[in-house]
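Down below is the structure, laid out as structure tokens.
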Amino acid sequence: MTDDEKLRSYLKRATADLRLARRQLREVEDRAREPIAIIGMACHFPGDVATPEDLWQVVSDGVDVISSFPEDRGWDLDALYDPDPDHAGTSSAREGGFLRSVADFDAEFFGISPREAAAMDPQQRLLLETAWEAFERAGLDRDALSGSDTGVFAGVDSYHYLSLIGRTTGDSAGYVATGNLGSVVSGRVAYSFGLEGPAVTVDTACSSSLVATHLAAQALRQGECSLALAGGVTVMATPGGFTEFSRQRALSPDGRCKAFAAAADGTGFSEGVGLVLLERLSDARRNGHRVLAVVRGSAVNQDGASNGLTAPNGPSQQRVIRQALANARLSTAEVDAVEAHGTGTTLGDPIEAQALLATYGQGRPDGQPLWLGSAKSNIGHTQAAAGVASVIKMVQAMRHGVLPASLHIDEPTPHVDWAAGAVRLLTEPVEWVAPDRPRRAGVSSFGISGTNAHLILEQAPEAAEATPASDLSSHGGGVSAGGVVPWVVSAHSEEALRGQARALAERVAADAAMSPADVGWSLITTRSVFDHRAVVVGENRDELMAGLKALAAGEPHPGVIEPGSAAAVGGLGAGGVGPVLVFPGQGSQWAGMGAGLLDTSPVFAARVADCEHALAPYVDWSLTNVLRDGVHTADLSRVDVVQPVLWAVMISLAALWDDYGVTPA
């Protein structure tokens with residue numbers, strides 16, 4: 001080889017290596033900015049908000065859920081209230097946002113003893129229950145999650161329960177530490193579900209849950225986990241927050257957050273818990289998970305040495321917004337709305353508004369202002385859960401195409417130069433139209449510690465063409481939209497089984513478009529199966545709903561089969577141990593039996609294939625051909641054919657029922 005040829009060969013290799021390096025660098029950069037899909041959400045907020053749908057109902061209907069201090073927490077309500085904020089140890093407000101029955105907890109469900117449960121901070125309990133709901137709403141059960149690299153990022157900023165537990169009981173010795181340590185808030189969830197990804201508890205005060213969401217997104221992009229729960233929780237076990245902020249004159253006398261209003265007179269504290277389940281968008285699509293919305297970008301920073309430890313810093317807020325936009329590769333004009341921190345304080349709101357005017361308010365097209373609102377006007381300031389409450393609200397707003405109004409705005413605060421940019425308050429609902437691009441919103445959350453977070457949400461991308469409910473080849477169980485549909489319900493106890501039936505009936509009743517076949521499919525493939533079970537069967541929605549309501553009421557119904565019931569036991573005598581499958585003898589066959597299930601149920605077809613393989617050494621005919629009534633099928637009247645075929649069909653049907661969750665005893 002000549003020197004010229006060697007040089008050309010070297011240059012070719014160098015060029016190829018350079019192209020490879022550039023491609024790998026692009027892949028790393030793209031992965032670092034990959035959109036993060038929100039595939040599940042769960043929450044509990046004041047006003048009996050128990051689901052994201054409930055929260056949407058509250059904000060879209062303009063409901064104020066603030067109420068009087070609870071009477072079941074042992075607070076001395078008469079001595080607690082004093083309109084004079086200078087009186088130490090008193091609250092200048094006597095209303096806030098509170099979760100009902102916050103002490104209720106099904107410890108046995110999570111394998112926790114009563115003594116340990118009593119020592120657990122209610123924040124741990126609530127987060128554990130809400131994590132279960134978030135996974136379930138995303139169609140993931142505990143068995144599938146156990147041992148996975150799923151991460152948990154939980155925001156929490158109060159530990160008031162610890163001051164109570166020591167003096168209320170001596171029976172919890174040995175459990176107080178694990179029941180109240182901040183690190184265990186996230187660790188408890190990871191332990192209970194067997195999750196082996198990062199488990200991190202975040203305390204940046206009021207920005208905790210949004211910072212947790214940012215960290216979860218970063219961990220997903222860096223490959224530290226494949227799924228991540230993110231959010232936060234706040235329970236006010238004592239009135240300490242009210243008394244402290246009263247002395248600081250930062251508490252609204254009527255407990256309402258009047259975000260960006262001239263009437264703003266302080267914040268109003270509330271409780272709540274919220275979680276979002278996150279996954280890389282590419283993984284969510286590959287795994288067939290429903291994408292509710294997308295996190296396009298996020299950023300976190302700090303106020304640093306501002307004009308006071310607890311005072312907001314406008315320039316830092318502007319920087320975190322610009323950092324989040326850069327992370328999302330978007331301009332300010334490409335975002336339609338911001339769900340603000342908006343606590344209703346006379347100091348914080350004007351600073352936040354000016355930061356928004358200086359960023360999002362600039363360079364916008366005519367007639368397209370940035371719309372500004374705050375969920376705190378409805379539910380109060382839920383502190384460590386505030387950021388995730390805003391995220392859930394805006395995801396729902398994107399899905400409904402409406403920006404809800406904020407409450408308690410008599411007129412915009414005069415402490416802001418609203419003419420300095422194109423920012424408008426949501427004093428009434430606005431149809432959310434984003435021509436030629438997805439809807440997008442920013443979410444802000446600022447902690448009293450000085451830690452700021454901003455997140456960019458985007459409308460979920462167009463899903464692949466939906467599979468009709470009647471196309472059952474993708475629904476491995478073969479639930480027929482035109483025949484009898486089973487709804488399998490299970491729980492840890494008889495009482496819980498009735499409760500599950502009641503909850504399912506309410507959910508189905510709320511959505512007239514819900515397909516009975518899809519409900520049945522989801523119940524058998526996306527829910528954990530427990531010892532107490534029942535199957536509601538029917539050919540249409542009305543029959544299924546009637547059976548479900550009877551199950552919820554504990555009443556007999558011909559369409560309800562429960563282990564131990566007459567229908568389940570079939571009069572087989574004592575024992576009543578559960579479902580029993582009885583194979584019939586010759587005479588039950590017909591031409592083409594099972595052929596439909598071969599096409600619609602992979603479970604049935606796979607077991608038929610197993611049976612055919614087992615029979616092959618002993619017969620000179622094809623099981624599949626016999627079932628499909630092919631041209632050269634054997635005569636079904638021959639006993640040496642019909643008996644093995646019936647056996648194979650029954651074995652395959654048993655596998656199908658087992659896949660439904662109805663396992664023979």
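Letters A, B, ... go to the chains of the structure tokens in the order shown; residues in each chain start at 1; ligands are counted from 1 in the same order.
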Excluding A:Ala144 and its own-chain neighbours fewer than 4 positions away, which residues fall within 10 Å of it when counting only C-alpha atoms? Please give them as a compact mmCIF listing (two decimals) with N, CA, C and O atoms, in the first residue's frame.
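The resulting file, out-v2.txt, is reproduced below:
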```txt
# COMPACT_ATOMS: atom_id res chain seq x y z
N LEU A 140 -50.59 -0.56 36.74
CA LEU A 140 -49.46 -1.37 37.20
C LEU A 140 -49.78 -1.96 38.56
O LEU A 140 -50.21 -1.24 39.46
N SER A 148 -38.27 -3.90 40.64
CA SER A 148 -37.96 -3.01 39.53
C SER A 148 -37.10 -1.85 40.01
O SER A 148 -36.96 -1.60 41.21
N PHE A 193 -43.40 -1.54 48.27
CA PHE A 193 -43.65 -2.02 46.91
C PHE A 193 -42.47 -2.79 46.34
O PHE A 193 -42.54 -3.28 45.21
N GLY A 194 -41.37 -2.87 47.08
CA GLY A 194 -40.19 -3.58 46.57
C GLY A 194 -39.49 -2.83 45.45
O GLY A 194 -38.94 -3.44 44.54
N THR A 526 -54.72 -5.22 35.05
CA THR A 526 -53.99 -4.09 35.62
C THR A 526 -54.23 -3.94 37.12
O THR A 526 -53.77 -2.95 37.70
N SER A 528 -54.11 -5.68 41.11
CA SER A 528 -53.65 -6.78 41.97
C SER A 528 -54.84 -7.64 42.36
O SER A 528 -55.95 -7.15 42.53
```
Within 9 Å of stretch 36-39 of chain A, counting only C-alpha atoms, which residues show up once you throw out same-chain ones fewer than 3 positions away? Write them as a CSV table (one decimal) with N, CA, C and O atoms, in the first residue's frame, please.
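Generated file (result32.csv):
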```
chain,number,residue,atom,x,y,z
A,33,ARG,N,-32.4,15.6,27.4
A,33,ARG,CA,-33.5,16.5,27.2
A,33,ARG,C,-34.8,15.7,26.8
A,33,ARG,O,-35.8,16.4,26.4
A,137,ARG,N,-53.9,3.4,39.0
A,137,ARG,CA,-54.5,4.2,37.9
A,137,ARG,C,-53.6,4.2,36.7
A,137,ARG,O,-54.1,4.5,35.6
A,138,ALA,N,-52.3,3.9,36.8
A,138,ALA,CA,-51.5,3.7,35.6
A,138,ALA,C,-51.5,2.3,35.0
A,138,ALA,O,-50.9,2.0,34.0
A,217,ALA,N,-37.4,13.5,37.0
A,217,ALA,CA,-37.2,13.6,35.6
A,217,ALA,C,-35.7,13.5,35.2
A,217,ALA,O,-35.3,12.8,34.3
A,220,LEU,N,-34.6,9.9,35.5
A,220,LEU,CA,-35.1,9.1,34.4
A,220,LEU,C,-34.2,9.3,33.2
A,220,LEU,O,-33.8,8.3,32.5
A,221,ARG,N,-33.9,10.5,32.9
A,221,ARG,CA,-33.1,10.8,31.7
A,221,ARG,C,-31.7,10.3,31.9
A,221,ARG,O,-31.0,9.9,30.9
A,276,VAL,N,-47.3,12.0,40.9
A,276,VAL,CA,-47.4,11.7,39.5
A,276,VAL,C,-46.4,10.6,39.2
A,276,VAL,O,-45.4,10.5,39.8
A,277,LEU,N,-46.8,9.7,38.3
A,277,LEU,CA,-45.9,8.6,37.9
A,277,LEU,C,-45.3,8.9,36.5
A,277,LEU,O,-46.0,9.2,35.6
A,278,LEU,N,-44.0,8.9,36.5
A,278,LEU,CA,-43.2,9.4,35.4
A,278,LEU,C,-42.5,8.3,34.7
A,278,LEU,O,-42.0,7.3,35.3
A,279,GLU,N,-42.3,8.4,33.3
A,279,GLU,CA,-41.6,7.5,32.5
A,279,GLU,C,-41.0,8.2,31.3
A,279,GLU,O,-41.7,9.1,30.8
A,280,ARG,N,-39.9,7.8,30.8
A,280,ARG,CA,-39.4,8.4,29.6
A,280,ARG,C,-40.4,8.2,28.5
A,280,ARG,O,-41.0,7.1,28.4
A,281,LEU,N,-40.6,9.2,27.7
A,281,LEU,CA,-41.7,9.2,26.7
A,281,LEU,C,-41.5,8.0,25.7
A,281,LEU,O,-42.5,7.3,25.4
A,282,SER,N,-40.3,7.8,25.3
A,282,SER,CA,-40.0,6.7,24.4
A,282,SER,C,-40.4,5.3,25.0
A,282,SER,O,-40.9,4.4,24.4
A,283,ASP,N,-40.1,5.2,26.4
A,283,ASP,CA,-40.4,3.9,27.1
A,283,ASP,C,-42.0,3.8,27.2
A,283,ASP,O,-42.5,2.7,27.1
A,284,ALA,N,-42.6,4.9,27.5
A,284,ALA,CA,-44.1,4.9,27.7
A,284,ALA,C,-44.8,4.4,26.4
A,284,ALA,O,-45.7,3.6,26.4
A,289,HIS,N,-48.2,2.5,27.6
A,289,HIS,CA,-48.8,3.2,28.7
A,289,HIS,C,-49.5,4.5,28.2
A,289,HIS,O,-49.0,5.2,27.3
A,290,ARG,N,-50.6,4.8,28.8
A,290,ARG,CA,-51.4,6.0,28.4
A,290,ARG,C,-50.6,7.2,28.9
A,290,ARG,O,-50.2,7.3,30.1
A,291,VAL,N,-50.3,8.2,28.0
A,291,VAL,CA,-49.6,9.4,28.3
A,291,VAL,C,-50.6,10.5,28.6
A,291,VAL,O,-51.4,10.9,27.7
A,292,LEU,N,-50.6,11.0,29.8
A,292,LEU,CA,-51.6,12.1,30.2
A,292,LEU,C,-51.0,13.4,29.8
A,292,LEU,O,-51.8,14.3,29.5
A,293,ALA,N,-49.8,13.7,29.9
A,293,ALA,CA,-49.1,14.9,29.5
A,293,ALA,C,-47.6,14.6,29.5
A,293,ALA,O,-47.2,13.5,29.9
A,294,VAL,N,-46.8,15.6,29.2
A,294,VAL,CA,-45.4,15.5,29.0
A,294,VAL,C,-44.7,16.6,29.8
A,294,VAL,O,-45.1,17.8,29.7
A,295,VAL,N,-43.6,16.2,30.5
A,295,VAL,CA,-42.7,17.2,31.1
A,295,VAL,C,-41.7,17.5,30.1
A,295,VAL,O,-40.8,16.7,29.8
A,296,ARG,N,-41.7,18.7,29.5
A,296,ARG,CA,-40.8,19.1,28.4
A,296,ARG,C,-39.5,19.6,29.0
A,296,ARG,O,-38.4,19.4,28.5
A,297,GLY,N,-39.5,20.3,30.2
A,297,GLY,CA,-38.3,20.8,30.8
A,297,GLY,C,-38.5,21.2,32.2
A,297,GLY,O,-39.7,21.4,32.6
A,395,VAL,N,-52.4,19.5,34.0
A,395,VAL,CA,-52.6,18.3,33.2
A,395,VAL,C,-54.1,18.1,32.8
A,395,VAL,O,-54.4,17.9,31.7
A,460,ALA,N,-50.2,15.9,25.9
A,460,ALA,CA,-49.7,14.6,25.4
A,460,ALA,C,-49.7,14.5,23.9
A,460,ALA,O,-50.6,15.1,23.3
```
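In this comparison, which uses only C-alpha atoms, the residue of A:Gly348, A:Gly255, A:Gly594, A:Gly232 approaching A:Leu623 most closely is A:Gly594.
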Q) When DSSP works through the backbone of this structure, what residues of stretch 132-274 of chain A end up as helix (DSSP H, G or I), shown as a PyMOL selection string? A) chain A and resi 132-137+142-145+161-168+176-180+182-193+208-221+240-247
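Between atom CA of A:Asp64 and atom CA of A:Gly442 there is a distance of 23.4 Å.
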(Q) Give me the residues near A:Thr525 as a ChimeraX atom specification, where near means some atom within 8 Å (using only C-alpha atoms) and where sequence neighbours in that chain fewer than 2 positions away do not count. (A) /A:139,521-523,527,660
Just the selected residues (all heavy atoms), exported as a tab-separated table (two decimals), in the first residue's frame, please.
```tsv
chain	number	residue	atom	x	y	z
A	139	GLY	N	-52.29	1.40	35.71
A	139	GLY	CA	-52.41	0.03	35.23
A	139	GLY	C	-51.26	-0.87	35.62
A	139	GLY	O	-50.97	-1.86	34.93
A	521	TRP	N	-61.37	-5.94	30.84
A	521	TRP	CA	-59.97	-6.19	30.50
A	521	TRP	C	-59.05	-5.55	31.53
A	521	TRP	O	-58.08	-6.16	31.99
A	521	TRP	CB	-59.70	-5.65	29.11
A	521	TRP	CG	-58.24	-5.58	28.75
A	521	TRP	CD1	-57.50	-4.46	28.59
A	521	TRP	CD2	-57.37	-6.68	28.53
A	521	TRP	NE1	-56.21	-4.79	28.28
A	521	TRP	CE2	-56.10	-6.15	28.22
A	521	TRP	CE3	-57.52	-8.06	28.55
A	521	TRP	CZ2	-54.99	-6.96	27.95
A	521	TRP	CZ3	-56.42	-8.87	28.27
A	521	TRP	CH2	-55.19	-8.31	27.98
A	522	SER	N	-59.33	-4.30	31.89
A	522	SER	CA	-58.48	-3.60	32.85
A	522	SER	C	-58.51	-4.27	34.22
A	522	SER	O	-57.48	-4.36	34.90
A	522	SER	CB	-58.94	-2.14	32.97
A	522	SER	OG	-58.78	-1.45	31.75
A	523	LEU	N	-59.68	-4.73	34.63
A	523	LEU	CA	-59.80	-5.34	35.95
A	523	LEU	C	-58.98	-6.62	36.08
A	523	LEU	O	-58.47	-6.93	37.16
A	523	LEU	CB	-61.27	-5.64	36.26
A	523	LEU	CG	-62.16	-4.42	36.55
A	523	LEU	CD1	-63.62	-4.84	36.61
A	523	LEU	CD2	-61.75	-3.75	37.86
A	527	ARG	N	-54.92	-4.86	37.74
A	527	ARG	CA	-55.20	-4.77	39.17
A	527	ARG	C	-54.59	-5.95	39.91
A	527	ARG	O	-54.57	-7.08	39.40
A	527	ARG	CB	-56.72	-4.76	39.43
A	527	ARG	CG	-57.44	-3.52	38.90
A	527	ARG	CD	-56.97	-2.27	39.62
A	527	ARG	NE	-57.62	-1.07	39.15
A	527	ARG	CZ	-58.62	-0.46	39.79
A	527	ARG	NH1	-59.07	-0.95	40.92
A	527	ARG	NH2	-59.14	0.64	39.32
A	660	TYR	N	-58.08	-14.79	33.91
A	660	TYR	CA	-59.05	-13.79	34.38
A	660	TYR	C	-58.94	-13.57	35.89
A	660	TYR	O	-59.50	-12.62	36.42
A	660	TYR	CB	-60.47	-14.24	34.08
A	660	TYR	CG	-60.91	-14.05	32.64
A	660	TYR	CD1	-61.96	-14.80	32.12
A	660	TYR	CD2	-60.30	-13.13	31.82
A	660	TYR	CE1	-62.38	-14.63	30.81
A	660	TYR	CE2	-60.70	-12.96	30.51
A	660	TYR	CZ	-61.75	-13.71	30.01
A	660	TYR	OH	-62.16	-13.55	28.72
```
Q. Excluding same-chain residues fewer than 2 positions from A:Pro83, what lies within 10 Å of it counting only C-alpha atoms, as a ChimeraX atom specification?
A. /A:80-81,85-87,90-94,246,253
Emit the selected residues as a PDB file, in the first residue's frame, including N, CA, C and O atoms.
```
ATOM      1  N   LEU A  80     -57.100  28.873  70.674  1.00  0.00           N
ATOM      2  CA  LEU A  80     -56.201  29.013  69.534  1.00  0.00           C
ATOM      3  C   LEU A  80     -56.452  30.295  68.751  1.00  0.00           C
ATOM      4  O   LEU A  80     -55.508  30.977  68.334  1.00  0.00           O
ATOM      5  N   TYR A  81     -57.685  30.657  68.549  1.00  0.00           N
ATOM      6  CA  TYR A  81     -57.986  31.798  67.690  1.00  0.00           C
ATOM      7  C   TYR A  81     -57.899  33.113  68.443  1.00  0.00           C
ATOM      8  O   TYR A  81     -58.444  33.263  69.546  1.00  0.00           O
ATOM      9  N   PRO A  85     -52.605  39.333  65.837  1.00  0.00           N
ATOM     10  CA  PRO A  85     -51.446  38.475  65.553  1.00  0.00           C
ATOM     11  C   PRO A  85     -50.295  38.637  66.541  1.00  0.00           C
ATOM     12  O   PRO A  85     -49.366  37.829  66.537  1.00  0.00           O
ATOM     13  N   ASP A  86     -50.356  39.652  67.398  1.00  0.00           N
ATOM     14  CA  ASP A  86     -49.276  39.852  68.363  1.00  0.00           C
ATOM     15  C   ASP A  86     -49.380  38.927  69.566  1.00  0.00           C
ATOM     16  O   ASP A  86     -48.442  38.851  70.365  1.00  0.00           O
ATOM     17  N   HIS A  87     -50.501  38.260  69.716  1.00  0.00           N
ATOM     18  CA  HIS A  87     -50.667  37.353  70.845  1.00  0.00           C
ATOM     19  C   HIS A  87     -49.974  36.027  70.534  1.00  0.00           C
ATOM     20  O   HIS A  87     -50.411  35.270  69.661  1.00  0.00           O
ATOM     21  N   THR A  90     -51.175  31.976  69.256  1.00  0.00           N
ATOM     22  CA  THR A  90     -52.538  31.991  68.734  1.00  0.00           C
ATOM     23  C   THR A  90     -52.503  32.146  67.220  1.00  0.00           C
ATOM     24  O   THR A  90     -51.484  32.515  66.622  1.00  0.00           O
ATOM     25  N   SER A  91     -53.636  31.880  66.596  1.00  0.00           N
ATOM     26  CA  SER A  91     -53.778  32.005  65.149  1.00  0.00           C
ATOM     27  C   SER A  91     -54.763  33.121  64.833  1.00  0.00           C
ATOM     28  O   SER A  91     -55.865  33.160  65.396  1.00  0.00           O
ATOM     29  N   SER A  92     -54.374  33.995  63.915  1.00  0.00           N
ATOM     30  CA  SER A  92     -55.270  35.075  63.508  1.00  0.00           C
ATOM     31  C   SER A  92     -56.276  34.607  62.473  1.00  0.00           C
ATOM     32  O   SER A  92     -57.126  35.379  62.032  1.00  0.00           O
ATOM     33  N   ALA A  93     -56.187  33.352  62.061  1.00  0.00           N
ATOM     34  CA  ALA A  93     -57.183  32.737  61.174  1.00  0.00           C
ATOM     35  C   ALA A  93     -57.777  31.533  61.881  1.00  0.00           C
ATOM     36  O   ALA A  93     -57.141  30.925  62.750  1.00  0.00           O
ATOM     37  N   ARG A  94     -58.979  31.179  61.527  1.00  0.00           N
ATOM     38  CA  ARG A  94     -59.599  29.975  62.088  1.00  0.00           C
ATOM     39  C   ARG A  94     -60.190  29.087  61.000  1.00  0.00           C
ATOM     40  O   ARG A  94     -61.066  28.275  61.251  1.00  0.00           O
ATOM     41  N   SER A 246     -48.935  33.679  61.875  1.00  0.00           N
ATOM     42  CA  SER A 246     -49.718  34.784  62.426  1.00  0.00           C
ATOM     43  C   SER A 246     -48.792  35.850  62.977  1.00  0.00           C
ATOM     44  O   SER A 246     -48.974  37.054  62.737  1.00  0.00           O
ATOM     45  N   PRO A 253     -56.419  36.424  57.233  1.00  0.00           N
ATOM     46  CA  PRO A 253     -57.388  36.280  58.328  1.00  0.00           C
ATOM     47  C   PRO A 253     -58.538  35.334  58.017  1.00  0.00           C
ATOM     48  O   PRO A 253     -59.060  34.680  58.926  1.00  0.00           O
TER      49      PRO A 253
END
```
